[in-house]
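A.B. asks: Questions regarding the structure given below will be posed in turn.
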Amino acid sequence: QVQVAESGGGLVQAGGSLRLSCVASGLTLSSYAMAWFRQAPGKEREFVAAISWNGGNTYYAGSLKGRFTISRVNALNTVYLQMNSLKPEDTAVYYCAAETTYYRSTYLYTRGQEYDFWGQGTQVIVSS
């Protein structure tokens, strides 16, 4: 059974940083792309960042590039999202997702429906 679990969320002041982690069990992440999405209260889920199976290719939502960094350590079956210079509008539940259809693909999807497994989410609150 595949499980994806996020951690690392919390309350932080504007301008601060957080690092989210995503660990998968029942699935070898090392051959598949991973992504982070987020959903703010009253808003639709939106793409944040994605990373290819070997970490060689990354893609970010335009507004987040330069503040957020996605990375992975395949030996630990873990994907990270480093978030710097956080703003109140970054407040959301952050979800990790695994795309397991395309083996070792370098193409990165931004639509949630392309991802097969999702975590329960971790809450990030940025106070002003």
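Going through the structure tokens in order, the chains are called A, B, and so on, while each chain numbers its residues from 1 and the ligands are numbered from 1 in the order shown.
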Write out as an MDAnalysis selection string which residues come within 8 Å of Arg19 (chain A) when counting only C-alpha atoms, dropping same-chain ones fewer than 4 positions away.
C.D. replies: chainID A and resid 8:9 80:83
A.B. asks: Please list as a list of chain:residue names every residue within 9 Å of Tyr32 (chain A), counting only C-alpha atoms and excluding residues in the same chain fewer than 2 positions away.
C.D. replies: A:Thr28, A:Leu29, A:Ser30, A:Met34, A:Ile51, A:Ser52, A:Trp53, A:Asn54, A:Ala98, A:Glu99, A:Thr100, A:Thr101, A:Tyr102, A:Tyr103, A:Arg104, A:Ser105, A:Thr106
A.B. asks: With N, CA and C atoms retained, write the just-selected residues as a PDB file, in the first residue's frame.
C.D. replies:
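To be explicit, this is the file written out as again22.pdb:
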```pdb
ATOM      1  N   THR A  28       8.779   3.159  -4.335  1.00  0.00           N
ATOM      2  CA  THR A  28      10.139   3.646  -4.535  1.00  0.00           C
ATOM      3  C   THR A  28      10.072   4.918  -5.346  1.00  0.00           C
ATOM      4  N   LEU A  29      10.294   6.030  -4.658  1.00  0.00           N
ATOM      5  CA  LEU A  29      10.143   7.324  -5.309  1.00  0.00           C
ATOM      6  C   LEU A  29      11.203   7.601  -6.354  1.00  0.00           C
ATOM      7  N   SER A  30      12.294   6.895  -6.239  1.00  0.00           N
ATOM      8  CA  SER A  30      13.473   7.289  -7.003  1.00  0.00           C
ATOM      9  C   SER A  30      13.273   7.275  -8.512  1.00  0.00           C
ATOM     10  N   MET A  34       7.884  14.026  -8.574  1.00  0.00           N
ATOM     11  CA  MET A  34       7.133  14.414  -7.388  1.00  0.00           C
ATOM     12  C   MET A  34       6.803  15.895  -7.492  1.00  0.00           C
ATOM     13  N   ILE A  51       9.579  18.117  -9.369  1.00  0.00           N
ATOM     14  CA  ILE A  51      10.965  17.696  -9.559  1.00  0.00           C
ATOM     15  C   ILE A  51      10.976  16.336 -10.254  1.00  0.00           C
ATOM     16  N   SER A  52      11.897  16.176 -11.184  1.00  0.00           N
ATOM     17  CA  SER A  52      11.987  14.919 -11.917  1.00  0.00           C
ATOM     18  C   SER A  52      12.577  13.817 -11.045  1.00  0.00           C
ATOM     19  N   TRP A  53      12.558  12.604 -11.552  1.00  0.00           N
ATOM     20  CA  TRP A  53      12.935  11.433 -10.772  1.00  0.00           C
ATOM     21  C   TRP A  53      14.351  11.518 -10.218  1.00  0.00           C
ATOM     22  N   ASN A  54      15.242  12.142 -10.961  1.00  0.00           N
ATOM     23  CA  ASN A  54      16.638  12.196 -10.511  1.00  0.00           C
ATOM     24  C   ASN A  54      17.035  13.579 -10.009  1.00  0.00           C
ATOM     25  N   ALA A  98       2.782  12.210  -5.864  1.00  0.00           N
ATOM     26  CA  ALA A  98       3.680  11.363  -6.648  1.00  0.00           C
ATOM     27  C   ALA A  98       3.038  11.012  -7.986  1.00  0.00           C
ATOM     28  N   GLU A  99       3.818  11.158  -9.032  1.00  0.00           N
ATOM     29  CA  GLU A  99       3.369  10.805 -10.377  1.00  0.00           C
ATOM     30  C   GLU A  99       4.045   9.489 -10.733  1.00  0.00           C
ATOM     31  N   THR A 100       3.268   8.411 -10.831  1.00  0.00           N
ATOM     32  CA  THR A 100       3.861   7.085 -10.980  1.00  0.00           C
ATOM     33  C   THR A 100       3.505   6.408 -12.294  1.00  0.00           C
ATOM     34  N   THR A 101       3.042   7.175 -13.256  1.00  0.00           N
ATOM     35  CA  THR A 101       2.674   6.596 -14.545  1.00  0.00           C
ATOM     36  C   THR A 101       3.868   6.502 -15.490  1.00  0.00           C
ATOM     37  N   TYR A 102       4.697   7.544 -15.453  1.00  0.00           N
ATOM     38  CA  TYR A 102       5.787   7.632 -16.427  1.00  0.00           C
ATOM     39  C   TYR A 102       7.132   7.384 -15.748  1.00  0.00           C
ATOM     40  N   TYR A 103       7.673   6.232 -15.990  1.00  0.00           N
ATOM     41  CA  TYR A 103       8.912   5.790 -15.363  1.00  0.00           C
ATOM     42  C   TYR A 103      10.089   6.618 -15.858  1.00  0.00           C
ATOM     43  N   ARG A 104      10.763   7.246 -14.940  1.00  0.00           N
ATOM     44  CA  ARG A 104      11.963   8.043 -15.211  1.00  0.00           C
ATOM     45  C   ARG A 104      11.751   9.098 -16.301  1.00  0.00           C
ATOM     46  N   SER A 105      10.584   9.703 -16.264  1.00  0.00           N
ATOM     47  CA  SER A 105      10.321  10.780 -17.210  1.00  0.00           C
ATOM     48  C   SER A 105      10.901  12.085 -16.675  1.00  0.00           C
ATOM     49  N   THR A 106      11.378  12.912 -17.587  1.00  0.00           N
ATOM     50  CA  THR A 106      11.866  14.228 -17.179  1.00  0.00           C
ATOM     51  C   THR A 106      10.817  15.305 -17.388  1.00  0.00           C
TER      52      THR A 106
END
```
A.B. asks: Please, what distance in Å, to one decimal, runs between CA of Tyr60 (chain A) and CA of Ala33 (chain A)?
C.D. replies: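 It comes out at 13.5 Å.
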A.B. asks: Got a sec to tell me which of region 3-126 of chain A DSSP assigns to helix (DSSP H, G or I), as a list in words?
C.D. replies: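 Of region 3-126 of chain A, only Leu29, Ser30, Ser31, Asn74, Ala75, Leu76, Pro88, Glu89, Asp90, Gly112, Gln113 and Glu114 of chain A fall in helix (DSSP H, G or I).
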A.B. asks: Given the choices A:Val23, A:Trp36, A:Ser31, A:Glu44, which gets closest to Val4 (chain A) if the distance is worked out from only C-alpha atoms?
C.D. replies: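 Once distances to Val4 (chain A) are computed over only C-alpha atoms, the minimum belongs to A:Val23.
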A.B. asks: What's around Arg67 (chain A) at 12 Å? Count only C-alpha atoms, leave out sequence neighbours fewer than 5 positions away in its own chain, and write the answer as an MDAnalysis selection string.
C.D. replies: chainID A and resid 15:19 48:49 60:62 81:87 90
A.B. asks: Only all heavy atoms, please: the residues just picked out, written as a compact mmCIF listing (two decimals), in the first residue's frame.
C.D. replies:
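What ended up in part-v8.txt:
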```txt
# COMPACT_ATOMS: atom_id res chain seq x y z
N GLY A 15 8.41 36.67 6.38
CA GLY A 15 9.85 36.79 6.21
C GLY A 15 10.62 35.58 6.68
O GLY A 15 11.82 35.47 6.40
N GLY A 16 9.97 34.70 7.39
CA GLY A 16 10.62 33.50 7.91
C GLY A 16 10.70 32.38 6.88
O GLY A 16 10.31 32.55 5.72
N SER A 17 11.20 31.24 7.34
CA SER A 17 11.40 30.08 6.48
C SER A 17 10.84 28.82 7.12
O SER A 17 10.75 28.72 8.35
CB SER A 17 12.90 29.87 6.21
OG SER A 17 13.46 30.96 5.54
N LEU A 18 10.49 27.89 6.26
CA LEU A 18 10.09 26.55 6.69
C LEU A 18 10.60 25.56 5.66
O LEU A 18 10.72 25.90 4.47
CB LEU A 18 8.56 26.41 6.78
CG LEU A 18 7.83 26.95 8.01
CD1 LEU A 18 6.33 26.80 7.81
CD2 LEU A 18 8.28 26.26 9.28
N ARG A 19 10.86 24.34 6.11
CA ARG A 19 11.18 23.27 5.18
C ARG A 19 10.19 22.13 5.38
O ARG A 19 10.09 21.57 6.46
CB ARG A 19 12.61 22.74 5.37
CG ARG A 19 12.99 21.75 4.26
CD ARG A 19 14.41 21.26 4.37
NE ARG A 19 14.56 20.21 5.36
CZ ARG A 19 15.55 19.32 5.36
NH1 ARG A 19 16.49 19.38 4.42
NH2 ARG A 19 15.63 18.42 6.31
N VAL A 48 2.66 24.19 -6.97
CA VAL A 48 3.76 24.93 -6.36
C VAL A 48 5.08 24.63 -7.07
O VAL A 48 5.75 25.54 -7.57
CB VAL A 48 3.89 24.59 -4.86
CG1 VAL A 48 5.12 25.23 -4.25
CG2 VAL A 48 2.62 25.01 -4.11
N ALA A 49 5.46 23.35 -7.10
CA ALA A 49 6.74 22.99 -7.70
C ALA A 49 6.75 21.50 -8.00
O ALA A 49 6.02 20.73 -7.38
CB ALA A 49 7.90 23.32 -6.76
N TYR A 60 8.73 25.50 -11.27
CA TYR A 60 8.05 26.22 -10.21
C TYR A 60 6.91 27.06 -10.78
O TYR A 60 6.97 27.54 -11.92
CB TYR A 60 9.02 27.16 -9.50
CG TYR A 60 10.15 26.45 -8.81
CD1 TYR A 60 11.34 26.18 -9.48
CD2 TYR A 60 10.04 26.05 -7.47
CE1 TYR A 60 12.39 25.51 -8.85
CE2 TYR A 60 11.08 25.39 -6.84
CZ TYR A 60 12.25 25.13 -7.53
OH TYR A 60 13.27 24.47 -6.90
N ALA A 61 5.91 27.27 -9.94
CA ALA A 61 4.91 28.28 -10.27
C ALA A 61 5.65 29.62 -10.35
O ALA A 61 6.51 29.92 -9.50
CB ALA A 61 3.85 28.32 -9.19
N GLY A 62 5.31 30.41 -11.33
CA GLY A 62 6.08 31.61 -11.61
C GLY A 62 6.23 32.55 -10.43
O GLY A 62 7.29 33.15 -10.22
N LEU A 81 10.56 20.72 0.38
CA LEU A 81 10.22 22.04 -0.16
C LEU A 81 10.75 23.08 0.83
O LEU A 81 10.22 23.21 1.94
CB LEU A 81 8.72 22.20 -0.34
CG LEU A 81 8.30 23.53 -0.98
CD1 LEU A 81 8.75 23.58 -2.44
CD2 LEU A 81 6.78 23.73 -0.89
N GLN A 82 11.79 23.76 0.44
CA GLN A 82 12.34 24.83 1.26
C GLN A 82 11.63 26.12 0.88
O GLN A 82 11.63 26.52 -0.29
CB GLN A 82 13.85 24.97 1.02
CG GLN A 82 14.50 26.11 1.76
CD GLN A 82 14.52 25.89 3.27
OE1 GLN A 82 14.79 24.79 3.73
NE2 GLN A 82 14.21 26.94 4.03
N MET A 83 11.04 26.77 1.87
CA MET A 83 10.27 27.99 1.62
C MET A 83 10.90 29.14 2.40
O MET A 83 10.99 29.08 3.63
CB MET A 83 8.82 27.78 2.06
CG MET A 83 8.16 26.57 1.43
SD MET A 83 6.41 26.42 1.84
CE MET A 83 6.50 26.15 3.60
N ASN A 84 11.35 30.13 1.68
CA ASN A 84 12.00 31.30 2.29
C ASN A 84 11.19 32.55 2.03
O ASN A 84 10.32 32.58 1.15
CB ASN A 84 13.40 31.47 1.71
CG ASN A 84 14.32 30.30 2.00
OD1 ASN A 84 14.20 29.64 3.04
ND2 ASN A 84 15.23 30.02 1.08
N SER A 85 11.47 33.58 2.80
CA SER A 85 10.80 34.88 2.64
C SER A 85 9.29 34.70 2.57
O SER A 85 8.62 35.25 1.69
CB SER A 85 11.31 35.60 1.37
OG SER A 85 12.71 35.77 1.43
N LEU A 86 8.78 33.95 3.51
CA LEU A 86 7.36 33.61 3.48
C LEU A 86 6.48 34.84 3.67
O LEU A 86 6.84 35.79 4.39
CB LEU A 86 7.04 32.57 4.54
CG LEU A 86 7.48 31.14 4.16
CD1 LEU A 86 7.53 30.25 5.39
CD2 LEU A 86 6.53 30.57 3.12
N LYS A 87 5.34 34.81 3.00
CA LYS A 87 4.38 35.91 3.04
C LYS A 87 3.04 35.37 3.56
O LYS A 87 2.76 34.18 3.43
CB LYS A 87 4.18 36.46 1.63
CG LYS A 87 5.46 36.90 0.94
CD LYS A 87 5.18 37.32 -0.49
CE LYS A 87 6.46 37.74 -1.20
NZ LYS A 87 6.20 38.15 -2.61
N ASP A 90 1.13 32.97 1.50
CA ASP A 90 1.60 31.59 1.38
C ASP A 90 0.86 30.65 2.34
O ASP A 90 1.07 29.44 2.30
CB ASP A 90 3.10 31.50 1.65
CG ASP A 90 3.93 32.22 0.61
OD1 ASP A 90 3.61 32.12 -0.59
OD2 ASP A 90 4.90 32.90 1.00
```
A.B. asks: With distances taken over only C-alpha atoms, which residue among A:Tyr109, A:Leu76, A:Pro41, A:Glu46 lies nearest Ser25 (chain A)?
C.D. replies: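 Smallest distance to Ser25 (chain A) is found for A:Leu76.
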A.B. asks: Would you kindly return, as a ChimeraX atom specification, each protein, DNA or RNA residue with an atom no farther than 6 Å from any atom of Arg38 (chain A), considering only C-alpha atoms and excluding same-chain residues fewer than 3 positions away?
C.D. replies: /A:45-46,92-95
A.B. asks: Could you dump the residues just selected with N, CA, C and O atoms as a short mmCIF file (atom, residue, chain, number, x, y, z; two decimals), in the first residue's frame?
C.D. replies:
```
data_model
loop_
_atom_site.label_atom_id
_atom_site.label_comp_id
_atom_site.auth_asym_id
_atom_site.auth_seq_id
_atom_site.Cartn_x
_atom_site.Cartn_y
_atom_site.Cartn_z
N ARG A 45 -6.97 24.36 -5.31
CA ARG A 45 -5.62 23.85 -5.18
C ARG A 45 -4.76 24.38 -6.32
O ARG A 45 -5.21 24.46 -7.47
N GLU A 46 -3.52 24.73 -6.00
CA GLU A 46 -2.63 25.26 -7.04
C GLU A 46 -1.27 24.57 -6.99
O GLU A 46 -0.80 24.12 -5.94
N ALA A 92 -1.52 28.15 3.64
CA ALA A 92 -2.26 27.12 2.91
C ALA A 92 -1.95 25.76 3.51
O ALA A 92 -1.02 25.62 4.32
N VAL A 93 -2.71 24.78 3.08
CA VAL A 93 -2.33 23.39 3.32
C VAL A 93 -1.49 22.95 2.14
O VAL A 93 -1.89 23.10 0.99
N TYR A 94 -0.33 22.42 2.43
CA TYR A 94 0.60 21.99 1.40
C TYR A 94 0.55 20.48 1.25
O TYR A 94 0.64 19.74 2.25
N TYR A 95 0.42 20.05 0.00
CA TYR A 95 0.30 18.63 -0.30
C TYR A 95 1.47 18.16 -1.16
O TYR A 95 1.89 18.86 -2.09
#
```
A.B. asks: Just the residues within 10 Å of Ala24 (chain A), please, counting only C-alpha atoms, with nothing from its chain fewer than 4 positions along; format it as a compact mmCIF listing (two decimals) with C-alpha atoms, in the first residue's frame.
C.D. replies:
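Generated file (around_19.txt):
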```txt
# COMPACT_ATOMS: atom_id res chain seq x y z
CA VAL A 2 1.42 3.35 -1.03
CA GLN A 3 1.43 6.14 1.50
CA VAL A 4 2.72 9.66 1.15
CA ALA A 5 3.14 11.78 4.27
CA GLU A 6 4.06 15.42 4.63
CA THR A 28 10.14 3.65 -4.53
CA LEU A 29 10.14 7.32 -5.31
CA LEU A 76 15.73 8.49 1.84
CA ASN A 77 12.63 8.30 -0.37
CA THR A 78 12.08 11.93 0.57
CA VAL A 79 11.21 15.15 -1.20
CA CYS A 96 2.92 16.29 -1.67
CA ALA A 97 2.05 14.19 -4.73
CA ALA A 98 3.68 11.36 -6.65
CA PHE A 117 -0.76 9.45 -4.86
CA TRP A 118 -1.28 12.28 -2.41
CA GLY A 119 -0.49 12.96 1.20
```
A.B. asks: I'd like to know which residues of region 11-104 of chain A are strand (DSSP E) (by DSSP, run on the backbone); could you write them as a ChimeraX atom specification?
C.D. replies: /A:11-13,18-25,33-39,46-51,58-60,68-73,78-83,92-99
